[in-house]
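K.L.:
Right, I'll just put the structure down here and ask away after.
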Amino acid sequence: MEYAHQTVLRDEVVDVLAPTAGRTIVDATLGGGGHAEALLDRGATVIGVDRDPSAVAAATARLGGRATFRALRGNAGDLEALLAPLGLLPVDGVLADLGVSSPQLDDPDRGFSFQGDGPLDMRMGQEGQTAAGAIAAADEATLARVLRELGEEPFAGPIARALKGAQPTTTAAAVEAVKRAVPRRAWPERLHVATRTFQALRIWVNDELGALERLLDSLPRLLRLGGRAAIISFHSLEDRRVKQAFRALEGRCTCPPGLPVCVCGAGGSFRPLTRKAVKASAAEVERNPRSRSARLRAVERLS
Ligand SMILES: C[S@@+](CC[C@H](N)C(=O)[O-])C[C@H]1O[C@@H](n2cnc3c(N)ncnc32)[C@H](O)[C@@H]1O
């Protein structure tokens, strides 16, 4: 099957990562290899990492012939443990283009989509619990909290109750449970009624925020001096974490307002490469509506 994923903010990523010959960049969310290809085309060496074996296979089919490309299966949150034993650290750049790819979303057998029907799986890699298993194992209060915090779902309580009652094993059964739980008059106009539930379950099952936090935490140990990190987020839960972590690396105080003295240890060794988050141009959004919510932030290690 063709791996049809449209790479977002491709030129902007190339601009901030400065991928010249002799520089090694880790693409921590390799997907179909679109960003990796652009970085390779500029002369950089690219180590591609993805937790999904089918993404690693697709990118290898596309780029495996290039001497400066190497693909590994792994989690962006575990780059240090993955790359240090191979003698590949430190590197000149780290890229993460978060979330799921179009081929993952579009394949009903992966269970990410509320369109069509398939097993309620949602795992990006093949390890750990499926979404169906996670729903069965969690208590109702935990499930409601997941839907509220990771999906910002206003009907988190009723939906959690309905999911626990239905114990869905297919995406269609999960959608039916959501539809039963939300009064018809409250269904969002522009969004499928199950959008927030599916987003929350996906982020939860894959521990996406945990992986992002581990990645952000490891940046000073992954990058050599002058090394750069670029992260593309697709929702505010991610972007907020990236913004705060970059601020802390830059040495800007991240203490909650109102504290009499700074307790976060401000005073950093990175500089921002993007003052504000970079967004897709109108032309890109026109071409690829998924790029509308993309936010790119980047930093450079100075000391
Ligand atoms: C948006 S796609 C990347 C597309 C790629 N940049 C391109 O241009 O083709 C995201 C990819 O990241 C992978 N992914 C998401 N979270 C990950 C993580 N924590 N560790 C490794 N891979 C991850 C997904 O499996 C998916 O293949």
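In the structure tokens, the first chain shown is A, the next is B, and so on; residue numbers restart at 1 for each chain, and ligands run from 1 in the order shown.
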Would you mind writing down, as number ranges by chain, each residue of segment 3-238 of chain A that DSSP on the backbone assigns to alpha helix (DSSP H)?
P.N.:
A: 10-17, 34-41, 53-63, 79-83, 102-106, 131-137, 140-151, 156-166, 171-181, 195-205, 208-222, 236-238
K.L.:
List every residue of chain A that has an atom at most 7 Å from any atom of ligand 1, and for each one report the closest atom pair and its distance in Å to one decimal, counting only C-alpha atoms and all ligand atoms, with rows sorted by chain and then by increasing residue number, as CSV.
P.N.:
```
residue,atom,partner,partner_atom_place_in_ligand_line,distance
A:His5,CA,ligand 1,9 (O),5.7
A:Gln6,CA,ligand 1,8 (O),6.5
A:Thr7,CA,ligand 1,8 (O),3.9
A:Val8,CA,ligand 1,8 (O),6.7
A:Ala28,CA,ligand 1,21 (C),5.8
A:Thr29,CA,ligand 1,12 (O),3.6
A:Leu30,CA,ligand 1,5 (C),5.0
A:Gly31,CA,ligand 1,27 (O),3.4
A:Gly32,CA,ligand 1,9 (O),3.7
A:Gly33,CA,ligand 1,9 (O),4.2
A:Gly34,CA,ligand 1,8 (O),3.4
A:His35,CA,ligand 1,8 (O),4.3
A:Ala36,CA,ligand 1,8 (O),6.9
A:Val49,CA,ligand 1,21 (C),6.0
A:Asp50,CA,ligand 1,22 (N),3.7
A:Arg51,CA,ligand 1,21 (C),4.1
A:Asp52,CA,ligand 1,25 (O),4.6
A:Ala55,CA,ligand 1,27 (O),5.3
A:Gly74,CA,ligand 1,21 (C),5.7
A:Asn75,CA,ligand 1,20 (N),3.4
A:Ala76,CA,ligand 1,20 (N),3.7
A:Gly77,CA,ligand 1,19 (N),5.6
A:Asp97,CA,ligand 1,1 (C),5.2
A:Leu98,CA,ligand 1,10 (C),5.2
A:Gly99,CA,ligand 1,15 (C),4.9
A:Val100,CA,ligand 1,10 (C),4.6
A:Ser101,CA,ligand 1,2 (S),4.0
A:Met124,CA,ligand 1,25 (O),5.1
A:Gly125,CA,ligand 1,25 (O),6.9
A:Glu208,CA,ligand 1,19 (N),5.9
A:Ala211,CA,ligand 1,19 (N),5.0
A:Leu212,CA,ligand 1,19 (N),6.5
```
K.L.:
Can you spit out the residues from that selection as an mmCIF file, in the first residue's frame, using C-alpha atoms?
P.N.:
```cif
data_model
loop_
_atom_site.group_PDB
_atom_site.id
_atom_site.type_symbol
_atom_site.label_atom_id
_atom_site.label_comp_id
_atom_site.auth_asym_id
_atom_site.auth_seq_id
_atom_site.Cartn_x
_atom_site.Cartn_y
_atom_site.Cartn_z
ATOM 1 C CA HIS A 5 1.326 11.342 3.997
ATOM 2 C CA GLN A 6 1.695 15.023 3.119
ATOM 3 C CA THR A 7 4.659 16.474 4.984
ATOM 4 C CA VAL A 8 3.775 19.684 6.839
ATOM 5 C CA ALA A 28 12.335 11.095 15.789
ATOM 6 C CA THR A 29 8.964 10.681 14.066
ATOM 7 C CA LEU A 30 10.042 9.379 10.691
ATOM 8 C CA GLY A 31 6.604 8.447 9.301
ATOM 9 C CA GLY A 32 6.774 8.213 5.503
ATOM 10 C CA GLY A 33 10.147 9.987 5.493
ATOM 11 C CA GLY A 34 9.011 13.281 3.953
ATOM 12 C CA HIS A 35 11.002 15.526 6.284
ATOM 13 C CA ALA A 36 13.889 13.053 6.296
ATOM 14 C CA VAL A 49 13.160 6.732 14.260
ATOM 15 C CA ASP A 50 9.532 5.657 14.451
ATOM 16 C CA ARG A 51 7.640 3.463 16.883
ATOM 17 C CA ASP A 52 5.499 2.109 14.060
ATOM 18 C CA ALA A 55 6.420 3.601 8.984
ATOM 19 C CA GLY A 74 11.954 3.159 18.672
ATOM 20 C CA ASN A 75 10.195 5.773 20.742
ATOM 21 C CA ALA A 76 11.050 9.478 20.468
ATOM 22 C CA GLY A 77 10.906 9.563 24.251
ATOM 23 C CA ASP A 97 6.552 15.961 13.864
ATOM 24 C CA LEU A 98 4.107 14.710 16.463
ATOM 25 C CA GLY A 99 0.917 12.705 16.237
ATOM 26 C CA VAL A 100 -0.319 10.209 13.697
ATOM 27 C CA SER A 101 0.277 9.969 9.970
ATOM 28 C CA MET A 124 1.198 3.298 16.985
ATOM 29 C CA GLY A 125 3.685 0.557 17.755
ATOM 30 C CA GLU A 208 2.007 10.601 23.707
ATOM 31 C CA ALA A 211 6.954 10.501 25.308
ATOM 32 C CA LEU A 212 7.006 14.199 24.413
#
```
K.L.:
Between A:Gly128, A:Gly133, A:Pro119, A:Pro158, which one has atoms that come closest to Ala173 of chain A, using only C-alpha atoms?
P.N.:
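Smallest distance to Ala173 of chain A is found for A:Pro119.
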K.L.:
For segment 64-66 of chain A, find every residue with an atom within 10 Å (counting only C-alpha atoms), except residues of its own chain fewer than 6 positions away, and show them as a list in words.
P.N.:
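The filter keeps Glu37, Leu40, Thr45, Val46, Ala57 and Ala58 of chain A.
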K.L.:
Could you work out how far atom CA of Ile47 of chain A lies from atom CA of Val26 of chain A, giving the answer in Å with one decimal?
P.N.:
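Straight-line distance from atom CA of Val26 of chain A to atom CA of Ile47 of chain A works out to 4.7 Å.
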K.L.:
Please return, as a PyMOL selection string, all residues of segment 56-289 of chain A that DSSP assigns to strand (DSSP E or B) on the basis of the backbone.
P.N.:
chain A and resi 69-73+91-97+119+170+223-233+270-272+278
K.L.:
So how many Å separate atom CA of Thr20 of chain A and atom CA of Ala67 of chain A, to one decimal?
P.N.:
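Distance between the two atoms: 15.2 Å.
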K.L.:
Can you pull out every residue within 10 Å of segment 16-18 of chain A, counting only C-alpha atoms, but drop anything in the same chain fewer than 6 positions away, and send it as number ranges by chain?
P.N.:
A: 25, 39, 42-44, 92-95, 227-230, 273-274, 296-300
K.L.:
Report the distance between atom CA of Ser291 of chain A and atom CA of Glu12 of chain A in Å, rounded to one decimal place.
P.N.:
12.5 Å
K.L.:
Between A:Ala131, A:Arg190, A:Asp41, A:Phe198, which is the closest to Leu105 of chain A once you count only C-alpha atoms?
P.N.:
A:Phe198
K.L.:
Residues within 12 Å of segment 254-257 of chain A, please, as a PyMOL selection string. Count only C-alpha atoms; anything in the same chain fewer than 4 positions from it doesn't count.
P.N.:
chain A and resi 240-241+243-250+261-268
K.L.:
Write a file of the just-selected residues containing C-alpha atoms, as a PDB file, in the first residue's frame.
P.N.:
```pdb
ATOM      1  CA  ARG A 240       2.003  24.158  25.653  1.00  0.00           C
ATOM      2  CA  ARG A 241       4.544  21.567  26.825  1.00  0.00           C
ATOM      3  CA  LYS A 243       6.675  26.137  24.686  1.00  0.00           C
ATOM      4  CA  GLN A 244       7.286  25.724  28.411  1.00  0.00           C
ATOM      5  CA  ALA A 245      10.196  23.324  27.986  1.00  0.00           C
ATOM      6  CA  PHE A 246      11.874  25.595  25.420  1.00  0.00           C
ATOM      7  CA  ARG A 247      11.394  28.590  27.723  1.00  0.00           C
ATOM      8  CA  ALA A 248      13.073  26.702  30.523  1.00  0.00           C
ATOM      9  CA  LEU A 249      15.967  25.691  28.227  1.00  0.00           C
ATOM     10  CA  GLU A 250      16.331  29.325  27.162  1.00  0.00           C
ATOM     11  CA  VAL A 261      11.140  34.376  44.191  1.00  0.00           C
ATOM     12  CA  CYS A 262      12.055  32.265  41.171  1.00  0.00           C
ATOM     13  CA  VAL A 263      12.195  28.563  42.030  1.00  0.00           C
ATOM     14  CA  CYS A 264      12.480  27.051  38.529  1.00  0.00           C
ATOM     15  CA  GLY A 265      16.235  27.605  38.228  1.00  0.00           C
ATOM     16  CA  ALA A 266      16.042  30.004  35.246  1.00  0.00           C
ATOM     17  CA  GLY A 267      19.304  30.667  33.403  1.00  0.00           C
ATOM     18  CA  GLY A 268      19.650  28.590  30.276  1.00  0.00           C
TER      19      GLY A 268
END
```
